[in-house]
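run_33.txt (compact mmCIF, C-alpha atoms) appears below.
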# COMPACT_ATOMS: atom_id res chain seq x y z
CA MET A 1 27.85 -20.16 -0.20
CA ASN A 2 28.94 -22.53 -2.96
CA GLU A 3 27.20 -25.41 -1.17
CA ARG A 4 23.48 -25.59 -1.89
CA LYS A 5 21.38 -25.68 1.26
CA THR A 6 18.27 -27.71 1.92
CA GLN A 7 16.31 -24.70 3.17
CA VAL A 8 16.99 -21.06 4.02
CA TRP A 9 15.00 -18.14 5.40
CA ALA A 10 14.87 -14.79 3.60
CA GLY A 11 13.82 -11.69 5.52
CA VAL A 12 12.78 -8.54 3.63
CA ASP A 13 12.82 -5.09 5.22
CA ALA A 14 10.46 -3.49 2.70
CA GLY A 15 10.55 0.15 1.68
CA LYS A 16 9.09 2.44 -0.94
CA GLY A 17 12.27 3.00 -2.97
CA HIS A 18 14.22 -0.13 -2.10
CA HIS A 19 14.18 -3.28 0.04
CA TRP A 20 16.90 -4.96 2.05
CA VAL A 21 16.98 -8.75 1.86
CA ALA A 22 18.90 -10.99 4.25
CA VAL A 23 19.13 -14.79 4.00
CA VAL A 24 20.04 -17.09 6.91
CA ASP A 25 20.53 -20.86 7.15
CA GLU A 26 19.44 -23.39 9.80
CA THR A 27 22.08 -22.14 12.24
CA GLY A 28 21.18 -18.46 11.84
CA ALA A 29 24.33 -17.64 9.88
CA THR A 30 23.95 -14.94 7.26
CA LEU A 31 24.37 -16.32 3.73
CA TRP A 32 23.28 -13.33 1.70
CA SER A 33 22.48 -9.67 2.50
CA LYS A 34 21.95 -6.93 -0.03
CA GLN A 35 19.90 -3.83 -0.88
CA VAL A 36 17.44 -4.29 -3.74
CA ASP A 37 15.71 -1.53 -5.70
CA ASN A 38 11.93 -1.71 -5.83
CA ASP A 39 12.12 -2.49 -9.53
CA GLU A 40 10.98 -5.58 -11.42
CA SER A 41 14.30 -6.39 -13.10
CA ALA A 42 16.30 -5.87 -9.88
CA ILE A 43 13.90 -8.01 -7.85
CA LEU A 44 13.95 -10.80 -10.45
CA THR A 45 17.75 -10.81 -10.44
CA VAL A 46 17.90 -11.10 -6.66
CA LEU A 47 15.13 -13.70 -6.67
CA GLY A 48 17.18 -15.90 -8.99
CA GLU A 49 20.28 -15.55 -6.82
CA ILE A 50 18.44 -16.48 -3.62
CA LEU A 51 16.60 -19.43 -5.18
CA ASP A 52 19.98 -20.81 -6.23
CA LEU A 53 21.08 -20.93 -2.58
CA ALA A 54 18.68 -23.65 -1.42
CA ASP A 55 16.05 -26.15 -2.44
CA GLN A 56 13.43 -24.32 -0.36
CA VAL A 57 13.28 -20.64 0.57
CA HIS A 58 11.01 -19.33 3.32
CA TRP A 59 10.19 -15.67 2.71
CA ALA A 60 9.11 -13.12 5.33
CA VAL A 61 8.29 -9.40 5.00
CA ASP A 62 7.40 -6.72 7.52
CA ILE A 63 5.02 -4.78 5.24
CA SER A 64 2.13 -6.27 3.29
CA GLY A 65 0.90 -3.02 1.72
CA THR A 66 1.67 -1.06 -1.42
CA SER A 67 5.42 -0.85 -0.74
CA SER A 68 5.85 -4.60 -1.11
CA ALA A 69 3.10 -5.20 -3.69
CA LEU A 70 5.49 -5.71 -6.62
CA LEU A 71 7.77 -7.97 -4.59
CA LEU A 72 4.90 -10.15 -3.37
CA ALA A 73 3.42 -10.40 -6.87
CA LEU A 74 6.76 -11.56 -8.31
CA LEU A 75 7.18 -14.08 -5.51
CA ALA A 76 3.71 -15.48 -6.17
CA ALA A 77 4.43 -15.66 -9.91
CA HIS A 78 7.47 -17.86 -9.14
CA GLY A 79 5.59 -20.15 -6.78
CA GLN A 80 7.01 -18.58 -3.61
CA ARG A 81 4.93 -17.71 -0.54
CA ALA A 82 5.76 -15.13 2.10
CA VAL A 83 4.66 -14.68 5.71
CA TYR A 84 3.92 -11.38 7.41
CA VAL A 85 6.07 -10.50 10.44
CA PRO A 86 4.49 -7.47 12.20
CA GLY A 87 6.68 -4.47 12.85
CA ARG A 88 5.96 -4.65 16.58
CA THR A 89 7.36 -8.19 16.64
CA VAL A 90 10.46 -7.14 14.71
CA ASN A 91 11.04 -4.26 17.10
CA ARG A 92 10.82 -6.49 20.16
CA MET A 93 12.90 -9.28 18.65
CA ALA A 94 15.65 -6.83 17.74
CA GLY A 95 16.45 -6.46 21.44
CA ALA A 96 17.32 -10.15 21.64
CA TYR A 97 20.31 -9.74 19.33
CA ARG A 98 23.68 -8.13 19.95
CA GLY A 99 24.13 -4.43 19.27
CA GLU A 100 21.87 -1.40 19.37
CA ALA A 101 22.24 -0.27 15.76
CA LYS A 102 19.08 0.32 13.74
CA THR A 103 19.76 -0.38 10.08
CA ASP A 104 17.83 -1.94 7.21
CA ALA A 105 20.33 -4.80 7.05
CA ARG A 106 19.87 -5.62 10.73
CA ASP A 107 16.08 -5.40 10.47
CA ALA A 108 16.10 -7.78 7.51
CA TYR A 109 18.28 -10.21 9.47
CA VAL A 110 15.92 -10.03 12.47
CA ILE A 111 12.93 -10.69 10.19
CA ALA A 112 14.63 -13.74 8.70
CA GLU A 113 15.68 -15.06 12.12
CA THR A 114 12.21 -14.50 13.58
CA SER A 115 10.55 -16.40 10.74
CA ARG A 116 13.11 -19.21 11.19
CA GLN A 117 12.28 -19.60 14.88
CA ARG A 118 8.52 -19.10 14.66
CA ARG A 119 6.20 -20.95 12.29
CA ASP A 120 2.90 -19.34 13.30
CA PHE A 121 2.98 -16.20 11.15
CA ALA A 122 0.15 -15.64 8.69
CA THR A 123 0.85 -16.31 5.03
CA ILE A 124 0.40 -13.36 2.69
CA ASP A 125 -1.81 -14.16 -0.29
CA VAL A 126 -1.70 -11.92 -3.33
CA PRO A 127 -5.33 -10.75 -3.67
CA ALA A 128 -7.45 -11.64 -6.67
CA GLN A 129 -8.55 -8.92 -9.06
CA LEU A 130 -11.89 -8.39 -7.29
CA ALA A 131 -10.29 -8.13 -3.84
CA ALA A 132 -7.60 -5.78 -5.18
CA ASP A 133 -10.26 -3.53 -6.74
CA LEU A 134 -12.25 -3.42 -3.51
CA ALA A 135 -9.09 -2.66 -1.50
CA LEU A 136 -8.30 0.34 -3.71
CA LEU A 137 -11.89 1.60 -3.75
CA THR A 138 -12.44 1.32 0.00
CA ALA A 139 -9.08 2.97 0.74
CA HIS A 140 -9.95 5.81 -1.65
CA ARG A 141 -13.35 6.20 0.00
CA SER A 142 -11.74 6.41 3.45
CA ASP A 143 -9.49 9.21 2.20
CA LEU A 144 -12.46 11.10 0.76
CA VAL A 145 -14.40 10.74 4.01
CA ALA A 146 -11.40 12.04 5.98
CA ASP A 147 -11.12 15.02 3.60
CA ARG A 148 -14.81 15.76 4.06
CA VAL A 149 -14.55 15.68 7.86
CA ARG A 150 -11.58 18.05 7.69
CA MET A 151 -13.46 20.46 5.40
CA ILE A 152 -16.56 20.47 7.58
CA ASN A 153 -14.52 21.16 10.71
CA ARG A 154 -12.65 23.98 8.99
CA LEU A 155 -15.91 25.45 7.67
CA ARG A 156 -17.52 25.44 11.10
CA ASP A 157 -14.43 26.97 12.68
CA VAL A 158 -14.31 29.87 10.19
CA LEU A 159 -18.08 30.41 10.34
CA THR A 160 -18.01 30.50 14.14
CA GLY A 161 -15.60 33.45 14.00
CA VAL A 162 -17.99 35.65 12.01
CA PHE A 163 -21.50 34.18 12.28
CA PRO A 164 -21.82 31.85 15.31
CA ALA A 165 -25.63 31.88 15.22
CA LEU A 166 -25.71 30.38 11.72
CA GLU A 167 -23.00 27.87 12.62
CA GLY A 168 -25.13 26.52 15.45
CA ALA A 169 -28.34 26.48 13.42
CA PHE A 170 -27.48 23.50 11.18
CA ASP A 171 -25.62 20.21 11.26
CA TYR A 172 -23.45 20.78 8.20
CA SER A 173 -22.12 17.21 8.18
CA SER A 174 -25.55 15.86 7.18
CA HIS A 175 -27.56 18.85 5.89
CA LYS A 176 -27.02 19.43 2.19
CA GLY A 177 -29.40 22.38 2.10
CA ALA A 178 -27.29 24.24 4.67
CA LEU A 179 -24.17 23.75 2.54
CA VAL A 180 -26.00 25.02 -0.53
CA LEU A 181 -27.05 28.09 1.47
CA LEU A 182 -23.42 28.81 2.37
CA THR A 183 -22.34 28.77 -1.26
CA GLY A 184 -24.33 31.97 -1.76
CA TYR A 185 -24.89 33.58 1.65
CA GLN A 186 -22.55 33.55 4.61
CA THR A 187 -23.12 36.86 6.48
CA PRO A 188 -26.04 38.12 8.58
CA ALA A 189 -26.45 41.29 6.50
CA GLY A 190 -26.52 39.34 3.22
CA ILE A 191 -29.24 37.00 4.46
CA ARG A 192 -31.34 39.88 5.84
CA ARG A 193 -31.10 41.80 2.56
CA ARG A 194 -32.22 38.76 0.60
CA GLY A 195 -35.32 38.20 2.73
CA ARG A 196 -37.22 35.01 3.37
CA ILE A 197 -39.27 34.83 0.17
CA ARG A 198 -36.41 35.44 -2.25
CA LEU A 199 -34.05 33.22 -0.22
CA THR A 200 -36.60 30.40 -0.32
CA ALA A 201 -36.92 30.76 -4.09
CA TRP A 202 -33.12 30.82 -4.48
CA LEU A 203 -32.78 27.58 -2.49
CA ALA A 204 -35.71 25.90 -4.28
CA ASN A 205 -34.10 26.64 -7.66
CA ARG A 206 -31.09 24.63 -6.43
CA SER A 207 -33.24 21.61 -5.48
CA VAL A 208 -32.97 22.09 -1.72
CA ARG A 209 -35.51 20.07 0.26
CA GLY A 210 -37.46 22.08 2.76
CA ALA A 211 -36.20 25.32 1.25
CA ASP A 212 -38.68 27.42 3.27
CA THR A 213 -37.53 25.86 6.57
CA VAL A 214 -33.87 26.40 5.72
CA ALA A 215 -34.54 30.02 4.74
CA ALA A 216 -36.54 30.68 7.91
CA THR A 217 -33.81 29.19 10.13
CA ALA A 218 -31.10 31.21 8.39
CA LEU A 219 -33.10 34.44 8.64
CA GLU A 220 -33.74 33.84 12.33
CA ALA A 221 -30.01 33.44 12.89
CA ALA A 222 -29.34 36.62 10.89
CA GLN A 223 -31.82 38.60 12.97
CA ALA A 224 -30.08 37.43 16.14
CA GLN A 225 -26.77 39.02 15.07
CA GLN A 226 -26.73 42.67 14.00
CA THR A 227 -22.98 43.20 14.46
CA SER A 228 -20.43 42.70 11.69
CA LEU A 229 -17.25 41.09 12.95
CA PRO A 230 -13.68 41.79 11.69
CA GLY A 231 -12.63 39.70 8.69
CA GLU A 232 -16.21 38.97 7.71
CA ASP A 233 -15.73 39.43 3.95
CA VAL A 234 -12.66 37.19 3.70
CA ALA A 235 -14.26 34.59 5.97
CA ALA A 236 -17.37 34.60 3.75
CA GLN A 237 -15.24 33.77 0.70
CA ILE A 238 -13.50 30.94 2.54
CA VAL A 239 -16.80 29.52 3.82
CA ALA A 240 -18.34 29.64 0.33
CA ASP A 241 -15.27 27.90 -1.12
CA LEU A 242 -15.31 25.18 1.56
CA ALA A 243 -19.05 24.61 1.10
CA THR A 244 -18.60 24.26 -2.68
CA GLN A 245 -15.73 21.80 -2.23
CA THR A 246 -17.75 19.76 0.27
CA LEU A 247 -20.69 19.47 -2.11
CA ALA A 248 -18.35 18.39 -4.91
CA LEU A 249 -16.79 15.86 -2.55
CA ASP A 250 -20.25 14.49 -1.75
CA ASP A 251 -20.81 13.86 -5.46
CA ARG A 252 -17.46 12.03 -5.68
CA LEU A 253 -18.41 9.90 -2.67
CA LYS A 254 -21.70 8.94 -4.33
CA ARG A 255 -19.85 7.80 -7.45
CA VAL A 256 -17.32 5.82 -5.41
CA ASP A 257 -20.09 4.23 -3.32
CA LYS A 258 -21.87 3.16 -6.50
CA GLN A 259 -18.66 1.66 -7.88
CA ILE A 260 -17.99 -0.19 -4.60
CA ARG A 261 -21.56 -1.51 -4.56
CA GLU A 262 -21.34 -2.79 -8.13
CA THR A 263 -17.90 -4.35 -7.59
CA PHE A 264 -18.85 -5.94 -4.26
CA ARG A 265 -21.93 -7.63 -5.71
CA ASN A 266 -19.72 -9.47 -8.19
CA HIS A 267 -18.27 -11.41 -5.25
CA PRO A 268 -19.68 -14.97 -5.11
CA GLN A 269 -20.68 -14.61 -1.44
CA ALA A 270 -21.85 -10.99 -1.58
CA GLU A 271 -25.51 -11.96 -1.15
CA ILE A 272 -24.69 -13.96 1.99
CA ILE A 273 -22.65 -11.15 3.56
CA GLU A 274 -25.21 -8.50 2.72
CA SER A 275 -28.07 -10.61 4.10
CA LEU A 276 -26.75 -10.14 7.64
CA PRO A 277 -28.66 -7.18 9.16
CA GLY A 278 -26.50 -4.05 9.34
CA MET A 279 -23.99 -5.33 6.80
CA GLY A 280 -24.50 -3.27 3.64
CA PRO A 281 -22.35 -3.25 0.50
CA ILE A 282 -19.84 -0.72 1.88
CA LEU A 283 -19.17 -2.63 5.11
CA GLY A 284 -19.36 -5.88 3.15
CA ALA A 285 -16.61 -4.68 0.82
CA GLU A 286 -14.48 -3.61 3.79
CA PHE A 287 -15.04 -7.04 5.35
CA ILE A 288 -13.77 -8.82 2.23
CA VAL A 289 -10.69 -6.58 2.17
CA ALA A 290 -9.95 -6.85 5.90
CA ALA A 291 -10.70 -10.57 6.31
CA GLY A 292 -8.80 -11.71 3.22
CA ASP A 293 -8.98 -15.43 2.50
CA LEU A 294 -11.92 -16.69 4.55
CA THR A 295 -10.62 -20.27 4.46
CA ALA A 296 -7.77 -19.15 6.73
CA TYR A 297 -10.16 -19.05 9.72
CA ALA A 298 -10.61 -22.57 11.06
CA ASP A 299 -13.64 -21.62 13.13
CA ALA A 300 -15.66 -18.60 14.23
CA GLY A 301 -13.35 -18.02 17.18
CA HIS A 302 -10.39 -17.41 14.86
CA LEU A 303 -12.39 -14.80 12.92
CA ALA A 304 -13.51 -13.08 16.13
CA SER A 305 -9.96 -13.17 17.48
CA ALA A 306 -8.63 -11.55 14.31
CA ALA A 307 -11.17 -8.75 14.85
CA GLY A 308 -10.12 -8.23 18.47
CA LEU A 309 -13.47 -9.40 19.86
CA VAL A 310 -12.03 -12.15 22.07
CA PRO A 311 -10.55 -11.12 25.46
CA VAL A 312 -6.98 -12.13 26.25
CA PRO A 313 -6.07 -13.56 29.68
CA ARG A 314 -3.41 -11.88 31.78
CA ASP A 315 -2.84 -14.38 34.58
CA SER A 316 0.03 -14.56 37.01
CA GLY A 317 0.49 -17.01 39.88
CA ARG A 318 -2.81 -17.40 41.70
CA ARG A 319 -4.44 -14.61 39.73
CA THR A 320 -6.59 -16.26 37.07
CA GLY A 321 -9.45 -15.09 34.91
CA ASN A 322 -7.88 -11.64 34.51
CA LEU A 323 -9.06 -10.76 31.00
CA HIS A 324 -8.20 -7.63 29.04
CA ARG A 325 -8.68 -6.17 25.59
CA PRO A 326 -6.25 -7.55 22.99
CA LYS A 327 -3.68 -5.25 21.40
CA ARG A 328 -2.80 -7.15 18.24
CA TYR A 329 -5.76 -7.45 15.90
CA SER A 330 -7.14 -6.01 12.68
CA ARG A 331 -8.55 -2.57 13.48
CA ARG A 332 -10.34 -2.51 10.16
CA LEU A 333 -12.02 -5.86 10.74
CA ARG A 334 -13.06 -4.82 14.25
CA ARG A 335 -14.56 -1.62 12.86
CA VAL A 336 -16.63 -3.61 10.34
CA PHE A 337 -18.18 -5.81 13.02
CA TYR A 338 -18.65 -2.94 15.49
CA MET A 339 -20.33 -0.60 12.98
CA SER A 340 -22.57 -3.33 11.57
CA ALA A 341 -23.57 -4.40 15.10
CA GLN A 342 -24.39 -0.84 16.08
CA THR A 343 -26.52 -0.42 12.95
CA SER A 344 -28.34 -3.74 13.36
CA MET A 345 -29.38 -3.18 16.97
CA MET A 346 -31.32 -0.02 16.02
CA ARG A 347 -34.10 -2.08 14.43
CA GLU A 348 -36.42 -4.68 15.86
CA GLY A 349 -35.14 -8.23 15.61
CA PRO A 350 -32.76 -10.73 17.21
CA ASN A 351 -29.85 -8.28 17.15
CA ARG A 352 -31.73 -5.65 19.14
CA ASP A 353 -33.08 -8.31 21.51
CA PHE A 354 -29.54 -9.53 22.24
CA TYR A 355 -28.31 -5.94 22.76
CA LEU A 356 -31.14 -5.17 25.21
CA LYS A 357 -30.45 -8.45 27.00
CA LYS A 358 -26.81 -7.42 27.56
CA ARG A 359 -27.86 -3.97 28.73
CA GLY A 360 -30.24 -5.63 31.17
CA GLU A 361 -27.32 -7.68 32.52
CA GLY A 362 -25.53 -4.46 33.42
CA CYS A 363 -23.31 -3.97 30.38
CA LYS A 364 -22.64 -0.45 29.16
CA HIS A 365 -23.48 0.52 25.58
CA VAL A 366 -20.01 -0.20 24.16
CA GLN A 367 -19.75 -3.50 26.03
CA ALA A 368 -23.16 -4.60 24.75
CA VAL A 369 -22.30 -3.65 21.16
CA ILE A 370 -18.99 -5.57 21.35
CA ALA A 371 -20.82 -8.62 22.73
CA LEU A 372 -23.27 -8.37 19.84
CA ALA A 373 -20.39 -7.99 17.37
CA ARG A 374 -18.79 -11.16 18.77
CA ARG A 375 -22.03 -13.07 18.31
CA ARG A 376 -22.45 -11.74 14.78
CA ALA A 377 -18.92 -12.85 13.88
CA SER A 378 -19.96 -16.43 14.71
CA VAL A 379 -23.16 -16.07 12.70
CA LEU A 380 -21.40 -14.66 9.65
CA TRP A 381 -18.73 -17.35 9.74
CA ALA A 382 -21.43 -20.05 9.89
CA LEU A 383 -23.34 -18.47 7.00
CA LEU A 384 -20.22 -18.39 4.83
CA ARG A 385 -19.35 -21.97 5.82
CA ASP A 386 -22.83 -23.26 4.97
CA ASN A 387 -23.19 -20.95 1.94
CA ARG A 388 -26.66 -19.75 2.92
CA VAL A 389 -28.26 -16.37 3.60
CA PHE A 390 -29.28 -15.09 7.01
CA THR A 391 -32.78 -15.83 8.34
CA PRO A 392 -34.24 -14.49 11.61
CA THR A 393 -35.26 -18.05 12.55
CA PRO A 394 -32.37 -20.49 13.06
CA PRO A 395 -32.42 -23.56 10.80
CA VAL A 396 -33.70 -26.83 12.22
CA PRO A 397 -30.76 -29.17 13.08
CA GLN A 398 -30.67 -32.18 10.78
CA THR A 399 -30.07 -35.70 12.05
CA ALA A 400 -26.64 -36.95 11.06
As structure tokens, the full file:
Amino acid sequence: MNERKTQVWAGVDAGKGHHWVAVVDETGATLWSKQVDNDESAILTVLGEILDLADQVHWAVDISGTSSALLLALLAAHGQRAVYVPGRTVNRMAGAYRGEAKTDARDAYVIAETSRQRRDFATIDVPAQLAADLALLTAHRSDLVADRVRMINRLRDVLTGVFPALEGAFDYSSHKGALVLLTGYQTPAGIRRRGRIRLTAWLANRSVRGADTVAATALEAAQAQQTSLPGEDVAAQIVADLATQTLALDDRLKRVDKQIRETFRNHPQAEIIESLPGMGPILGAEFIVAAGDLTAYADAGHLASAAGLVPVPRDSGRRTGNLHRPKRYSRRLRRVFYMSAQTSMMREGPNRDFYLKKRGEGCKHVQAVIALARRRASVLWALLRDNRVFTPTPPVPQTA
């Protein structure tokens, strides 16, 4: 270790509290292996020790999320770049080495060895401030949406046990007036005592649209059930609490959506992304976060492949043309293209025409939407390359 190497490979098994770093040379021999606390001073100390080992250090990590954020930021600050080695790859490569032990030290060694033998891993770029803000906001929004879905499901389950007629009368996931109703009235007897006129006035005072319709529907459900079920009073309290929390969560989602929209539109290519039909500011922000550095995609096929929209061949012997769905791709990026394609084909235009064409060729709905998403990936890549907004009519080719 006293002899300075020309180049070495450092593998990092990242964790929340600490990392394990292993360094190997050109022959695969371990030069350095140690546990490092996820702390700035500890990481800087280890960084100095490893940089003293060789003229060039190739870094590789198995996590590119929050656990390794500090490590990656310090590496970038010292002019070092790291590649991302997926956990699935590390798990499979571990079987190629002697022993069956599963330790952080061994995982770090496997990561370093894998990066030494393969040079096709994607480089991790520390996001700019705008991209980091959008990543945090979109992740927070996803958590809020998941909480809302859980609350709505729990509300419907509890309401079904005491008032099934009212549970089936509204779609609580999209009907704000129904949630407002549940904050005050949850039982058949309570709704009947209130009556239609007073219930309509109560809802109107709380700015419910179509208050008379909501009141009439609730009263009809109350008339259909004259029996009080066991646990009705406690269930009513739980339903009222869940409805109140859901309404408060809706207000939080509106504030987050507004913040995402304002932050996204500060991106230099936000207008181009948003011009594509079906790609609003929320999906546009998720696209920026999921796609990362757009210059990393050499052509539209690379972008579509990263989103899992390109089939992968599974040939053997004389069997050729056997295509199947890929397994390694960005789920988030695929969701962006799929959701935007599904939204765009609902309106008249080239997207809907292409969808109907695929349906006419015998494709099922999901197959047609994926085909449209693949086509839109090419369009979006071309728009970003040419730095122009989307137009329904293709531009006229210019003579070279």
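Of the listed residues (A:His267, A:Arg352, A:Arg88, A:Lys102), A:Arg352 comes nearest to Arg376 of chain A; the distances count only C-alpha atoms.
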One decimal place gives the atom CA of Glu49 of chain A-atom CA of Gln117 of chain A separation as 23.5 Å
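Minimum atom-to-atom distance to Thr244 of chain A, evaluated using all atoms listed in the file, belongs to A:Leu181 out of A:Val145, A:Ile272, A:Leu181, A:Ala285.
For Gly17 of chain A, the list of residues within 8 Å, based on all atoms listed in the file and with local chain neighbours fewer than 2 positions off taken out, reads Gly15, His19, Asp37 and Asn38 of chain A.
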C-alpha atoms of the current selection, written as an mmCIF file, in the frame of the given file:
data_model
loop_
_atom_site.group_PDB
_atom_site.id
_atom_site.type_symbol
_atom_site.label_atom_id
_atom_site.label_comp_id
_atom_site.auth_asym_id
_atom_site.auth_seq_id
_atom_site.Cartn_x
_atom_site.Cartn_y
_atom_site.Cartn_z
ATOM 1 C CA GLY A 15 10.550 0.150 1.680
ATOM 2 C CA HIS A 19 14.180 -3.280 0.040
ATOM 3 C CA ASP A 37 15.710 -1.530 -5.700
ATOM 4 C CA ASN A 38 11.930 -1.710 -5.830
#
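You can rank A:Tyr355, A:Ala22, A:Ala291, A:Ala298 by their closest distance to Tyr329 of chain A using only C-alpha atoms, and at the top of that list sits A:Ala291.
Omitting segment 59-76 of chain A and its sequence neighbours fewer than 3 positions away, and counting only C-alpha atoms, the residues within 7 Å are Trp9, Ala10, Gly11, Val12, Asp13, Ala14, Gly15, Lys16, Ile43, Gly79, Gln80, Arg81, Ala82, Val83, Tyr84, Val85, Pro86, Gly87, Ile111, Ala112, Ser115 and Val126 of chain A.
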Exercise for review: Identify, on the basis of all atoms listed in the file, every residue whose closest approach to Lys358 of chain A does not exceed 9 Å; exclude the query and any residue fewer than 6 positions from it along the same chain; express the result as number ranges by chain.
Suggested key: A: 364-365, 367-369, 371-372
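Taking atom CA of Asn91 of chain A and atom CA of Val36 of chain A as the two end points, the separation is 21.8 Å.
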Using only C-alpha atoms, the shortest atom-to-atom distance to Leu31 of chain A among A:Val379, A:Ala94, A:Val234, A:Ile50 belongs to A:Ile50
One residue among A:Ala296, A:Leu276, A:Val396, A:Leu323 is nearest to Ser340 of chain A when using only C-alpha atoms, and that residue is A:Leu276
With distances taken over all atoms listed in the file, the candidate from A:Val312, A:Leu203, A:Leu130, A:Ala221 nearest Gly184 of chain A is A:Leu203
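A straight line drawn from atom CA of Thr183 of chain A to atom CA of Asp251 of chain A is 15.6 Å long.
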Could I get segment 199-212 of chain A rebuilt with N, CA, C and O atoms, written as a short mmCIF file (atom, residue, chain, number, x, y, z; two decimals), in the frame of the given file?
data_model
loop_
_atom_site.label_atom_id
_atom_site.label_comp_id
_atom_site.auth_asym_id
_atom_site.auth_seq_id
_atom_site.Cartn_x
_atom_site.Cartn_y
_atom_site.Cartn_z
N LEU A 199 -35.02 34.25 -0.61
CA LEU A 199 -34.05 33.22 -0.22
C LEU A 199 -34.64 31.83 -0.41
O LEU A 199 -33.95 30.90 -0.85
N THR A 200 -35.94 31.69 -0.10
CA THR A 200 -36.60 30.40 -0.32
C THR A 200 -36.61 30.04 -1.80
O THR A 200 -36.34 28.89 -2.18
N ALA A 201 -36.91 31.02 -2.64
CA ALA A 201 -36.92 30.76 -4.09
C ALA A 201 -35.51 30.41 -4.59
O ALA A 201 -35.35 29.52 -5.44
N TRP A 202 -34.52 31.09 -4.07
CA TRP A 202 -33.12 30.82 -4.48
C TRP A 202 -32.72 29.38 -4.11
O TRP A 202 -32.08 28.69 -4.91
N LEU A 203 -33.09 28.94 -2.92
CA LEU A 203 -32.78 27.58 -2.49
C LEU A 203 -33.59 26.55 -3.27
O LEU A 203 -33.06 25.48 -3.64
N ALA A 204 -34.86 26.84 -3.54
CA ALA A 204 -35.71 25.90 -4.28
C ALA A 204 -35.19 25.71 -5.70
O ALA A 204 -35.27 24.60 -6.25
N ASN A 205 -34.66 26.76 -6.32
CA ASN A 205 -34.10 26.64 -7.66
C ASN A 205 -32.87 25.73 -7.70
O ASN A 205 -32.48 25.26 -8.76
N ARG A 206 -32.26 25.50 -6.53
CA ARG A 206 -31.09 24.63 -6.43
C ARG A 206 -31.44 23.28 -5.81
O ARG A 206 -30.58 22.59 -5.28
N SER A 207 -32.73 22.94 -5.88
CA SER A 207 -33.24 21.61 -5.48
C SER A 207 -32.98 21.29 -4.01
O SER A 207 -32.65 20.16 -3.65
N VAL A 208 -33.14 22.29 -3.14
CA VAL A 208 -32.97 22.09 -1.72
C VAL A 208 -34.29 21.64 -1.11
O VAL A 208 -35.32 22.32 -1.29
N ARG A 209 -34.29 20.54 -0.41
CA ARG A 209 -35.51 20.07 0.26
C ARG A 209 -35.81 20.95 1.46
O ARG A 209 -34.91 21.33 2.20
N GLY A 210 -37.08 21.23 1.65
CA GLY A 210 -37.46 22.08 2.76
C GLY A 210 -36.83 23.45 2.66
O GLY A 210 -36.30 23.97 3.66
N ALA A 211 -36.86 24.03 1.47
CA ALA A 211 -36.20 25.32 1.25
C ALA A 211 -36.76 26.41 2.17
O ALA A 211 -36.01 27.25 2.69
N ASP A 212 -38.08 26.39 2.42
CA ASP A 212 -38.68 27.42 3.27
C ASP A 212 -38.18 27.30 4.70
O ASP A 212 -37.89 28.31 5.35
#
